>>> print(open('target01.txt').read())   # compact mmCIF, C-alpha atoms and all ligand atoms
# COMPACT_ATOMS: atom_id res chain seq x y z
CA LEU A 1 0.00 0.00 0.00
CA GLU A 2 2.80 2.36 0.92
CA ALA A 3 4.62 1.69 -2.33
CA GLN A 4 1.43 2.43 -4.21
CA SER A 5 0.90 5.79 -2.55
CA ARG A 6 4.55 6.66 -3.12
CA ALA A 7 4.10 5.94 -6.82
CA LEU A 8 0.99 8.11 -6.92
CA GLU A 9 2.78 10.92 -5.15
CA GLU A 10 5.65 10.66 -7.64
CA GLU A 11 3.22 10.78 -10.56
CA ARG A 12 1.51 13.85 -9.16
CA ARG A 13 4.85 15.62 -8.77
CA ARG A 14 5.81 14.81 -12.33
CA ALA A 15 2.49 16.18 -13.64
CA GLU A 16 2.96 19.37 -11.64
CA ASP A 17 6.51 19.79 -12.92
CA ALA A 18 5.33 19.31 -16.50
CA SER A 19 2.55 21.83 -16.08
CA ARG A 20 4.91 24.37 -14.51
CA ALA A 21 7.41 23.87 -17.32
CA LYS A 22 4.66 24.45 -19.87
CA SER A 23 3.53 27.68 -18.18
CA GLU A 24 7.09 28.93 -17.97
CA PHE A 25 7.69 28.07 -21.59
CA LEU A 26 4.55 29.92 -22.68
CA ALA A 27 5.37 32.95 -20.59
CA ARG A 28 8.91 33.09 -21.99
CA MET A 29 7.79 32.49 -25.57
CA SER A 30 5.18 35.19 -25.40
CA HIS A 31 7.75 37.60 -24.00
CA GLU A 32 10.18 36.68 -26.78
CA LEU A 33 7.45 37.20 -29.39
CA ARG A 34 6.18 40.41 -27.89
CA THR A 35 9.49 42.23 -27.64
CA PRO A 36 10.36 42.22 -31.37
CA LEU A 37 6.73 42.84 -32.30
CA ASN A 38 6.63 45.90 -30.09
CA ALA A 39 9.70 47.14 -31.95
CA VAL A 40 8.01 46.52 -35.32
CA VAL A 41 4.86 48.39 -34.28
CA GLY A 42 6.77 51.16 -32.50
CA PHE A 43 9.21 51.92 -35.32
CA THR A 44 6.42 51.76 -37.90
CA ASN A 45 4.67 54.46 -35.90
CA VAL A 46 7.86 56.52 -35.90
CA LEU A 47 8.13 56.21 -39.70
CA MET A 48 4.50 57.26 -40.08
CA LYS A 49 4.98 60.53 -38.22
CA PRO A 50 4.23 63.21 -40.81
CA ARG A 51 7.35 64.41 -42.54
CA GLU A 52 6.72 66.70 -45.49
CA GLY A 53 7.11 64.98 -48.82
CA LEU A 54 9.07 62.05 -47.47
CA LEU A 55 6.44 59.38 -47.93
CA GLY A 56 3.97 58.90 -50.73
CA SER A 57 0.47 57.73 -49.98
CA ARG A 58 1.34 54.23 -51.12
CA GLU A 59 4.24 53.97 -48.66
CA ARG A 60 2.03 55.30 -45.87
CA ASP A 61 -0.52 52.65 -46.74
CA TYR A 62 2.13 49.89 -46.55
CA LEU A 63 3.32 51.18 -43.19
CA ALA A 64 -0.25 51.25 -41.87
CA ARG A 65 -0.63 47.63 -42.91
CA ILE A 66 2.60 46.61 -41.17
CA ARG A 67 1.45 48.38 -38.01
CA ASP A 68 -2.09 46.93 -38.08
CA ASN A 69 -0.86 43.39 -38.68
CA GLY A 70 1.71 43.78 -35.92
CA LYS A 71 -1.00 44.93 -33.52
CA HIS A 72 -3.19 42.02 -34.55
CA LEU A 73 -0.37 39.58 -33.78
CA LEU A 74 0.23 41.21 -30.41
CA GLY A 75 -3.47 40.76 -29.58
CA LEU A 76 -3.31 37.14 -30.65
CA ILE A 77 -0.27 36.44 -28.48
CA ASN A 78 -1.97 38.04 -25.47
CA ASP A 79 -5.11 35.96 -26.09
CA VAL A 80 -3.18 32.69 -26.40
CA LEU A 81 -1.31 33.50 -23.20
CA ASP A 82 -4.59 34.22 -21.41
CA ILE A 83 -6.18 30.97 -22.61
CA SER A 84 -3.17 28.97 -21.44
CA ARG A 85 -3.20 30.70 -18.04
CA ILE A 86 -6.88 29.89 -17.71
CA ASP A 87 -6.27 26.24 -18.66
CA GLU A 88 -3.40 25.98 -16.20
CA GLY A 89 -5.34 27.66 -13.43
CA THR A 90 -2.67 30.34 -13.08
CA MET A 91 -4.77 33.35 -14.15
CA ASP A 92 -4.30 36.00 -11.52
CA ILE A 93 -7.48 37.75 -10.34
CA GLN A 94 -7.24 40.80 -8.07
CA LEU A 95 -10.53 41.80 -6.55
CA GLY A 96 -11.19 45.39 -5.54
CA GLN A 97 -13.97 47.95 -5.50
CA VAL A 98 -14.85 48.85 -9.06
CA ASN A 99 -16.88 51.89 -10.10
CA LEU A 100 -18.85 50.40 -13.00
CA GLU A 101 -20.03 53.73 -14.36
CA ASP A 102 -16.46 55.07 -14.68
CA LEU A 103 -15.32 51.79 -16.19
CA VAL A 104 -18.10 51.66 -18.79
CA ARG A 105 -17.80 55.34 -19.73
CA SER A 106 -14.03 55.26 -20.18
CA THR A 107 -14.12 52.00 -22.13
CA ALA A 108 -16.88 53.34 -24.41
CA ALA A 109 -14.83 56.50 -25.01
CA GLN A 110 -11.80 54.35 -25.81
CA LEU A 111 -13.78 52.32 -28.37
CA GLU A 112 -15.52 55.32 -30.01
CA GLY A 113 -12.64 55.51 -32.47
CA ARG A 114 -13.59 52.17 -34.00
CA LEU A 115 -16.96 53.67 -34.91
CA SER A 116 -15.64 56.60 -36.86
CA GLY A 117 -17.19 56.65 -40.30
CA SER A 118 -19.84 54.08 -39.38
CA ARG A 119 -23.54 54.75 -38.92
CA VAL A 120 -23.67 52.85 -35.64
CA ARG A 121 -24.53 54.73 -32.44
CA LEU A 122 -23.02 53.63 -29.13
CA SER A 123 -24.84 54.65 -25.93
CA VAL A 124 -24.52 53.83 -22.24
CA SER A 125 -27.06 53.77 -19.40
CA PHE A 126 -26.87 53.44 -15.62
CA PRO A 127 -29.30 53.08 -12.74
CA ARG A 128 -29.94 56.11 -10.48
CA VAL A 129 -28.30 54.36 -7.53
CA LEU A 130 -25.23 52.28 -8.33
CA GLY A 131 -22.91 50.88 -5.68
CA PRO A 132 -19.38 49.53 -6.20
CA LEU A 133 -18.72 46.09 -7.68
CA LEU A 134 -16.27 43.67 -6.11
CA ALA A 135 -14.25 42.62 -9.16
CA ASP A 136 -10.91 42.77 -10.98
CA GLU A 137 -11.01 46.11 -12.78
CA ALA A 138 -8.49 45.26 -15.51
CA ARG A 139 -10.25 41.97 -16.26
CA MET A 140 -13.67 43.66 -16.32
CA ARG A 141 -12.30 46.16 -18.82
CA GLN A 142 -10.93 43.31 -20.93
CA ILE A 143 -14.37 41.61 -20.94
CA LEU A 144 -16.12 44.86 -21.83
CA ILE A 145 -13.68 45.65 -24.65
CA ASN A 146 -14.29 42.19 -26.06
CA LEU A 147 -18.10 42.40 -25.86
CA VAL A 148 -18.37 45.96 -27.19
CA GLY A 149 -15.65 45.24 -29.78
CA ASN A 150 -17.71 42.28 -31.04
CA ALA A 151 -20.89 44.36 -31.06
CA ILE A 152 -19.10 46.96 -33.20
CA LYS A 153 -17.68 44.30 -35.50
CA PHE A 154 -21.00 42.54 -36.06
CA THR A 155 -23.25 45.62 -36.35
CA GLU A 156 -23.04 47.44 -39.65
CA ASP A 157 -26.01 49.71 -39.24
CA GLY A 158 -28.02 50.48 -36.12
CA TRP A 159 -27.10 50.84 -32.46
CA ILE A 160 -25.20 49.39 -29.52
CA ARG A 161 -26.19 49.95 -25.89
CA VAL A 162 -24.21 49.17 -22.75
CA GLU A 163 -26.61 48.94 -19.81
CA VAL A 164 -25.85 48.49 -16.13
CA ALA A 165 -28.64 47.35 -13.80
CA ALA A 166 -28.59 47.39 -10.00
CA ASP A 167 -30.80 46.52 -7.07
CA LEU A 168 -33.30 49.37 -6.78
CA GLU A 169 -32.90 49.72 -3.03
CA THR A 170 -29.29 48.89 -2.28
CA GLY A 171 -27.70 49.88 -5.59
CA ALA A 172 -25.81 46.55 -5.63
CA PRO A 173 -24.80 45.87 -9.26
CA LEU A 174 -26.85 43.06 -10.82
CA THR A 175 -26.04 42.90 -14.51
CA LEU A 176 -23.97 44.45 -17.28
CA ARG A 177 -25.51 44.09 -20.71
CA VAL A 178 -24.11 44.76 -24.17
CA VAL A 179 -27.01 44.92 -26.61
CA ASP A 180 -26.63 45.36 -30.36
CA SER A 181 -28.93 45.50 -33.37
CA GLY A 182 -26.42 43.63 -35.55
CA ILE A 183 -26.36 40.39 -37.54
CA GLY A 184 -27.22 38.15 -34.57
CA ILE A 185 -26.23 34.53 -34.04
CA PRO A 186 -28.02 31.47 -35.47
CA SER A 187 -29.63 29.46 -32.63
CA GLU A 188 -27.65 26.30 -33.37
CA ARG A 189 -24.38 28.19 -32.83
CA ILE A 190 -25.34 30.04 -29.70
CA GLU A 191 -23.40 27.86 -27.25
CA THR A 192 -20.41 26.95 -29.44
CA ILE A 193 -19.33 30.60 -29.79
CA PHE A 194 -18.07 30.41 -26.18
CA GLU A 195 -15.60 27.68 -27.11
CA ALA A 196 -12.04 28.62 -27.98
CA PHE A 197 -11.46 29.26 -31.71
CA GLU A 198 -15.19 28.95 -32.56
CA GLN A 199 -16.72 31.49 -34.92
CA VAL A 200 -20.10 31.47 -36.66
CA ASP A 201 -18.31 32.08 -39.94
CA GLY A 202 -14.95 30.33 -39.68
CA SER A 203 -14.37 30.08 -43.43
CA PRO A 204 -11.07 31.42 -44.79
CA SER A 205 -13.00 33.91 -46.91
CA ARG A 206 -15.01 35.26 -43.98
CA ARG A 207 -15.76 38.96 -43.75
CA PHE A 208 -14.88 39.52 -40.08
CA GLY A 209 -11.41 39.25 -38.59
CA GLY A 210 -10.70 37.75 -35.18
CA THR A 211 -9.37 34.62 -33.54
CA GLY A 212 -12.44 33.20 -31.84
CA LEU A 213 -10.76 33.40 -28.43
CA GLY A 214 -12.42 36.51 -27.02
CA LEU A 215 -15.65 34.97 -25.72
CA ALA A 216 -13.93 31.88 -24.30
CA ILE A 217 -11.57 34.17 -22.36
CA SER A 218 -14.39 36.52 -21.30
CA ARG A 219 -16.58 33.72 -19.96
CA ALA A 220 -13.67 32.17 -18.05
CA LEU A 221 -12.72 35.58 -16.60
CA CYS A 222 -16.34 36.09 -15.49
CA ARG A 223 -16.42 32.71 -13.76
CA LEU A 224 -13.12 33.35 -12.01
CA GLN A 225 -14.71 36.44 -10.45
CA GLY A 226 -17.86 34.54 -9.49
CA PHE A 227 -19.92 35.97 -12.37
CA ASP A 228 -21.64 34.45 -15.36
CA LEU A 229 -21.69 35.39 -19.05
CA SER A 230 -24.58 34.40 -21.31
CA VAL A 231 -26.11 35.44 -24.62
CA GLU A 232 -29.53 35.77 -26.18
CA SER A 233 -29.74 36.38 -29.89
CA GLU A 234 -31.78 36.01 -33.01
CA SER A 235 -30.31 35.82 -36.48
CA GLY A 236 -30.66 39.17 -38.20
CA LYS A 237 -32.09 40.91 -35.14
CA GLY A 238 -29.10 41.49 -32.90
CA SER A 239 -27.56 40.03 -29.75
CA THR A 240 -27.59 40.66 -26.02
CA PHE A 241 -24.59 39.55 -23.96
CA THR A 242 -25.24 39.60 -20.20
CA VAL A 243 -22.73 39.50 -17.35
CA ARG A 244 -24.61 38.50 -14.19
CA PHE A 245 -22.94 39.58 -10.95
CA ARG A 246 -25.32 38.01 -8.47
CA LEU A 247 -25.78 34.35 -9.18
CA ALA A 248 -28.89 32.76 -7.76
CA SER A 249 -27.48 31.05 -4.67
CA PRO A 250 -28.92 27.80 -3.38
CA PRO A 251 -31.63 28.30 -0.76
CA ARG A 252 -30.22 28.55 2.72
CA PRO A 253 -31.07 25.74 5.10
CA GLU A 254 -33.65 26.79 7.72
P1 LIG B 301 -13.81 36.66 -32.57
O1 LIG B 301 -14.65 37.88 -32.43
O2 LIG B 301 -12.33 36.93 -32.49
O3 LIG B 301 -14.18 35.81 -33.75
P2 LIG B 301 -15.12 35.77 -30.13
O4 LIG B 301 -14.85 34.59 -29.26
O5 LIG B 301 -15.14 37.11 -29.48
O6 LIG B 301 -14.06 35.71 -31.30
O7 LIG B 301 -16.50 35.54 -30.87
C1 LIG B 301 -16.76 34.27 -31.48
C2 LIG B 301 -17.83 34.37 -32.54
O8 LIG B 301 -19.10 34.68 -31.95
C3 LIG B 301 -17.60 35.47 -33.55
O9 LIG B 301 -16.70 35.07 -34.57
C4 LIG B 301 -19.02 35.67 -34.09
O10 LIG B 301 -19.33 34.65 -35.02
C5 LIG B 301 -19.88 35.45 -32.84
N1 LIG B 301 -20.24 36.73 -32.18
C6 LIG B 301 -19.67 37.26 -31.07
N2 LIG B 301 -20.27 38.43 -30.72
C7 LIG B 301 -21.23 38.66 -31.63
C8 LIG B 301 -22.21 39.72 -31.83
N3 LIG B 301 -22.30 40.78 -31.00
N4 LIG B 301 -23.05 39.60 -32.90
C9 LIG B 301 -22.97 38.53 -33.74
N5 LIG B 301 -22.08 37.51 -33.61
C10 LIG B 301 -21.23 37.58 -32.58
>>> encode(input="target01.txt", output="structure tokens")
Amino acid sequence: LEAQSRALEEERRRAEDASRAKSEFLARMSHELRTPLNAVVGFTNVLMKPREGLLGSRERDYLARIRDNGKHLLGLINDVLDISRIDEGTMDIQLGQVNLEDLVRSTAAQLEGRLSGSRVRLSVSFPRVLGPLLADEARMRQILINLVGNAIKFTEDGWIRVEVAADLETGAPLTLRVVDSGIGIPSERIETIFEAFEQVDGSPSRRFGGTGLGLAISRALCRLQGFDLSVESESGKGSTFTVRFRLASPPRPE
């Protein structure tokens, strides 16, 4: 019996070592990938600074493409690193008091730029009384950027609303909703979109860019904070993504 438990213990240690080695490898790799990419993006920006007559419009266009592709790769590396941290259980969550109204307003302002030239209107709404939320502010921002970013990407004409709801009496935050009037999601795909790398249109010729990691990361980040992320949608009529802060708890024993 003792030999058996020793063998089990040994096996557990080996698995832990392997998992730690994998995390370290990923962290180092992503650092090694990020450093040169930051240089590519940074120096492209330097070259694009207006200098009279130095660059023709074609050269500027090439530089913009280098920069945008570099940024896309950086986003992808960050997403892959997040997914691996989530899988390994090493994602770090730091809870604090979050002012949801400030968070939503500043994130919406940050994303306004993506709407320039489009006919889509982005609006925000808050309850009269809104208390603080116990959450990880940076992770909440990441979730919001993903949800609103998707709403922008999949709404060509119409509107997007970010709505916060709270308990009428206490002001305790209840939900955060991102509602859009965009292309919607076919009912048979509604659950698979939360899986890593899943997209409604995953064909190589698809119209919308992206990696299919955003919702998988967002849902996992919600759960790590004790929240839930769900969606309701109808093809052609838009989508509503809801982060629920207060999960229905099991009834307390008498
Ligand atoms: P990505 O946006 O990089 O493809 P996500 O995980 O964020 O990855 O989303 C997965 C898929 O879910 C998207 O490719 C799209 O098909 C669908 N989706 C997400 N948000 C919306 C939305 N607001 N409206 C319509 N489809 C959406």
>>> closest_residue(input="target01.txt", among="A:Asp92, A:Asp102, A:Asp79, A:Asp136", to="ligand LIG 301 (chain B)", atoms="all atoms listed in the file")
A:Asp79
>>> axis_aligned_box(input="target01.txt", around="ligand LIG 301 (chain B)", padding_each_side="3 Å", output="lines of an AutoDock Vina configuration file")
center_x = -17.7
center_y = 37.5
center_z = -32.1
size_x = 16.7
size_y = 12.5
size_z = 11.8
>>> residues_near_ligand(input="target01.txt", ligand="ligand LIG 301 (chain B)", cutoff="7 Å", atoms="only C-alpha atoms and all ligand atoms", output="mmCIF file with C-alpha atoms, in the coordinates of the input")
data_model
loop_
_atom_site.group_PDB
_atom_site.id
_atom_site.type_symbol
_atom_site.label_atom_id
_atom_site.label_comp_id
_atom_site.auth_asym_id
_atom_site.auth_seq_id
_atom_site.Cartn_x
_atom_site.Cartn_y
_atom_site.Cartn_z
ATOM 1 C CA ASN A 146 -14.290 42.190 -26.060
ATOM 2 C CA LEU A 147 -18.100 42.400 -25.860
ATOM 3 C CA ASN A 150 -17.710 42.280 -31.040
ATOM 4 C CA ALA A 151 -20.890 44.360 -31.060
ATOM 5 C CA PHE A 154 -21.000 42.540 -36.060
ATOM 6 C CA THR A 155 -23.250 45.620 -36.350
ATOM 7 C CA ASP A 180 -26.630 45.360 -30.360
ATOM 8 C CA GLY A 182 -26.420 43.630 -35.550
ATOM 9 C CA ILE A 183 -26.360 40.390 -37.540
ATOM 10 C CA GLY A 184 -27.220 38.150 -34.570
ATOM 11 C CA ILE A 185 -26.230 34.530 -34.040
ATOM 12 C CA ILE A 193 -19.330 30.600 -29.790
ATOM 13 C CA PHE A 194 -18.070 30.410 -26.180
ATOM 14 C CA ALA A 196 -12.040 28.620 -27.980
ATOM 15 C CA PHE A 197 -11.460 29.260 -31.710
ATOM 16 C CA GLU A 198 -15.190 28.950 -32.560
ATOM 17 C CA GLN A 199 -16.720 31.490 -34.920
ATOM 18 C CA VAL A 200 -20.100 31.470 -36.660
ATOM 19 C CA ASP A 201 -18.310 32.080 -39.940
ATOM 20 C CA GLY A 209 -11.410 39.250 -38.590
ATOM 21 C CA GLY A 210 -10.700 37.750 -35.180
ATOM 22 C CA THR A 211 -9.370 34.620 -33.540
ATOM 23 C CA GLY A 212 -12.440 33.200 -31.840
ATOM 24 C CA LEU A 213 -10.760 33.400 -28.430
ATOM 25 C CA GLY A 214 -12.420 36.510 -27.020
ATOM 26 C CA LEU A 215 -15.650 34.970 -25.720
ATOM 27 C CA ALA A 216 -13.930 31.880 -24.300
ATOM 28 C CA GLY A 238 -29.100 41.490 -32.900
ATOM 29 C CA SER A 239 -27.560 40.030 -29.750
#
>>> atom_distance(input="target01.txt", atom1="CA of Asp82 in chain A", atom2="CA of Ile66 in chain A")
24.4 Å
>>> atom_distance(input="target01.txt", atom1="CA of Leu33 in chain A", atom2="CA of Arg67 in chain A")
15.3 Å
>>> closest_residue(input="target01.txt", among="A:Leu54, A:Ala166, A:Ala64, A:Val120", to="Leu100 in chain A", atoms="all atoms listed in the file")
A:Ala166
>>> closest_residue(input="target01.txt", among="A:Val178, A:Leu47, A:Ala39, A:Ala15", to="Ser123 in chain A", atoms="all atoms listed in the file")
A:Val178
>>> atom_distance(input="target01.txt", atom1="CA of Arg65 in chain A", atom2="CA of Thr44 in chain A")
9.6 Å
>>> closest_residue(input="target01.txt", among="A:Ser235, A:Ser23, A:Thr170, A:Ser181", to="Ile83 in chain A", atoms="all atoms listed in the file")
A:Ser23
>>> closest_residue(input="target01.txt", among="A:Ala108, A:Gly96, A:Glu234, A:Glu88", to="Ala21 in chain A", atoms="all atoms listed in the file")
A:Glu88
>>> closest_residue(input="target01.txt", among="A:Phe43, A:Gly56, A:Leu81, A:Thr107", to="Met29 in chain A", atoms="all atoms listed in the file")
A:Leu81
>>> residues_around(input="target01.txt", residues="Gln94 in chain A", least_positions_apart="6", cutoff="10 Å", atoms="only C-alpha atoms", output="list in words")
Leu134, Ala135, Asp136, Glu137, Ala138, Arg139 and Gln225 of chain A
>>> residues_around(input="target01.txt", residues="range 103-106 of chain A", least_positions_apart="5", cutoff="10 Å", atoms="only C-alpha atoms", output="PyMOL selection string")
chain A and resi 98+111-112+123-126+137-138+140-141+144-145+162-164+176
>>> decode(input="target01.txt", residues="range 32-142 of chain A", atoms="C-alpha atoms", output="tab-separated table (two decimals), in the first residue's frame")
chain	number	residue	atom	x	y	z
A	32	GLU	CA	10.18	36.68	-26.78
A	33	LEU	CA	7.45	37.20	-29.39
A	34	ARG	CA	6.18	40.41	-27.89
A	35	THR	CA	9.49	42.23	-27.64
A	36	PRO	CA	10.36	42.22	-31.37
A	37	LEU	CA	6.73	42.84	-32.30
A	38	ASN	CA	6.63	45.90	-30.09
A	39	ALA	CA	9.70	47.14	-31.95
A	40	VAL	CA	8.01	46.52	-35.32
A	41	VAL	CA	4.86	48.39	-34.28
A	42	GLY	CA	6.77	51.16	-32.50
A	43	PHE	CA	9.21	51.92	-35.32
A	44	THR	CA	6.42	51.76	-37.90
A	45	ASN	CA	4.67	54.46	-35.90
A	46	VAL	CA	7.86	56.52	-35.90
A	47	LEU	CA	8.13	56.21	-39.70
A	48	MET	CA	4.50	57.26	-40.08
A	49	LYS	CA	4.98	60.53	-38.22
A	50	PRO	CA	4.23	63.21	-40.81
A	51	ARG	CA	7.35	64.41	-42.54
A	52	GLU	CA	6.72	66.70	-45.49
A	53	GLY	CA	7.11	64.98	-48.82
A	54	LEU	CA	9.07	62.05	-47.47
A	55	LEU	CA	6.44	59.38	-47.93
A	56	GLY	CA	3.97	58.90	-50.73
A	57	SER	CA	0.47	57.73	-49.98
A	58	ARG	CA	1.34	54.23	-51.12
A	59	GLU	CA	4.24	53.97	-48.66
A	60	ARG	CA	2.03	55.30	-45.87
A	61	ASP	CA	-0.52	52.65	-46.74
A	62	TYR	CA	2.13	49.89	-46.55
A	63	LEU	CA	3.32	51.18	-43.19
A	64	ALA	CA	-0.25	51.25	-41.87
A	65	ARG	CA	-0.63	47.63	-42.91
A	66	ILE	CA	2.60	46.61	-41.17
A	67	ARG	CA	1.45	48.38	-38.01
A	68	ASP	CA	-2.09	46.93	-38.08
A	69	ASN	CA	-0.86	43.39	-38.68
A	70	GLY	CA	1.71	43.78	-35.92
A	71	LYS	CA	-1.00	44.93	-33.52
A	72	HIS	CA	-3.19	42.02	-34.55
A	73	LEU	CA	-0.37	39.58	-33.78
A	74	LEU	CA	0.23	41.21	-30.41
A	75	GLY	CA	-3.47	40.76	-29.58
A	76	LEU	CA	-3.31	37.14	-30.65
A	77	ILE	CA	-0.27	36.44	-28.48
A	78	ASN	CA	-1.97	38.04	-25.47
A	79	ASP	CA	-5.11	35.96	-26.09
A	80	VAL	CA	-3.18	32.69	-26.40
A	81	LEU	CA	-1.31	33.50	-23.20
A	82	ASP	CA	-4.59	34.22	-21.41
A	83	ILE	CA	-6.18	30.97	-22.61
A	84	SER	CA	-3.17	28.97	-21.44
A	85	ARG	CA	-3.20	30.70	-18.04
A	86	ILE	CA	-6.88	29.89	-17.71
A	87	ASP	CA	-6.27	26.24	-18.66
A	88	GLU	CA	-3.40	25.98	-16.20
A	89	GLY	CA	-5.34	27.66	-13.43
A	90	THR	CA	-2.67	30.34	-13.08
A	91	MET	CA	-4.77	33.35	-14.15
A	92	ASP	CA	-4.30	36.00	-11.52
A	93	ILE	CA	-7.48	37.75	-10.34
A	94	GLN	CA	-7.24	40.80	-8.07
A	95	LEU	CA	-10.53	41.80	-6.55
A	96	GLY	CA	-11.19	45.39	-5.54
A	97	GLN	CA	-13.97	47.95	-5.50
A	98	VAL	CA	-14.85	48.85	-9.06
A	99	ASN	CA	-16.88	51.89	-10.10
A	100	LEU	CA	-18.85	50.40	-13.00
A	101	GLU	CA	-20.03	53.73	-14.36
A	102	ASP	CA	-16.46	55.07	-14.68
A	103	LEU	CA	-15.32	51.79	-16.19
A	104	VAL	CA	-18.10	51.66	-18.79
A	105	ARG	CA	-17.80	55.34	-19.73
A	106	SER	CA	-14.03	55.26	-20.18
A	107	THR	CA	-14.12	52.00	-22.13
A	108	ALA	CA	-16.88	53.34	-24.41
A	109	ALA	CA	-14.83	56.50	-25.01
A	110	GLN	CA	-11.80	54.35	-25.81
A	111	LEU	CA	-13.78	52.32	-28.37
A	112	GLU	CA	-15.52	55.32	-30.01
A	113	GLY	CA	-12.64	55.51	-32.47
A	114	ARG	CA	-13.59	52.17	-34.00
A	115	LEU	CA	-16.96	53.67	-34.91
A	116	SER	CA	-15.64	56.60	-36.86
A	117	GLY	CA	-17.19	56.65	-40.30
A	118	SER	CA	-19.84	54.08	-39.38
A	119	ARG	CA	-23.54	54.75	-38.92
A	120	VAL	CA	-23.67	52.85	-35.64
A	121	ARG	CA	-24.53	54.73	-32.44
A	122	LEU	CA	-23.02	53.63	-29.13
A	123	SER	CA	-24.84	54.65	-25.93
A	124	VAL	CA	-24.52	53.83	-22.24
A	125	SER	CA	-27.06	53.77	-19.40
A	126	PHE	CA	-26.87	53.44	-15.62
A	127	PRO	CA	-29.30	53.08	-12.74
A	128	ARG	CA	-29.94	56.11	-10.48
A	129	VAL	CA	-28.30	54.36	-7.53
A	130	LEU	CA	-25.23	52.28	-8.33
A	131	GLY	CA	-22.91	50.88	-5.68
A	132	PRO	CA	-19.38	49.53	-6.20
A	133	LEU	CA	-18.72	46.09	-7.68
A	134	LEU	CA	-16.27	43.67	-6.11
A	135	ALA	CA	-14.25	42.62	-9.16
A	136	ASP	CA	-10.91	42.77	-10.98
A	137	GLU	CA	-11.01	46.11	-12.78
A	138	ALA	CA	-8.49	45.26	-15.51
A	139	ARG	CA	-10.25	41.97	-16.26
A	140	MET	CA	-13.67	43.66	-16.32
A	141	ARG	CA	-12.30	46.16	-18.82
A	142	GLN	CA	-10.93	43.31	-20.93
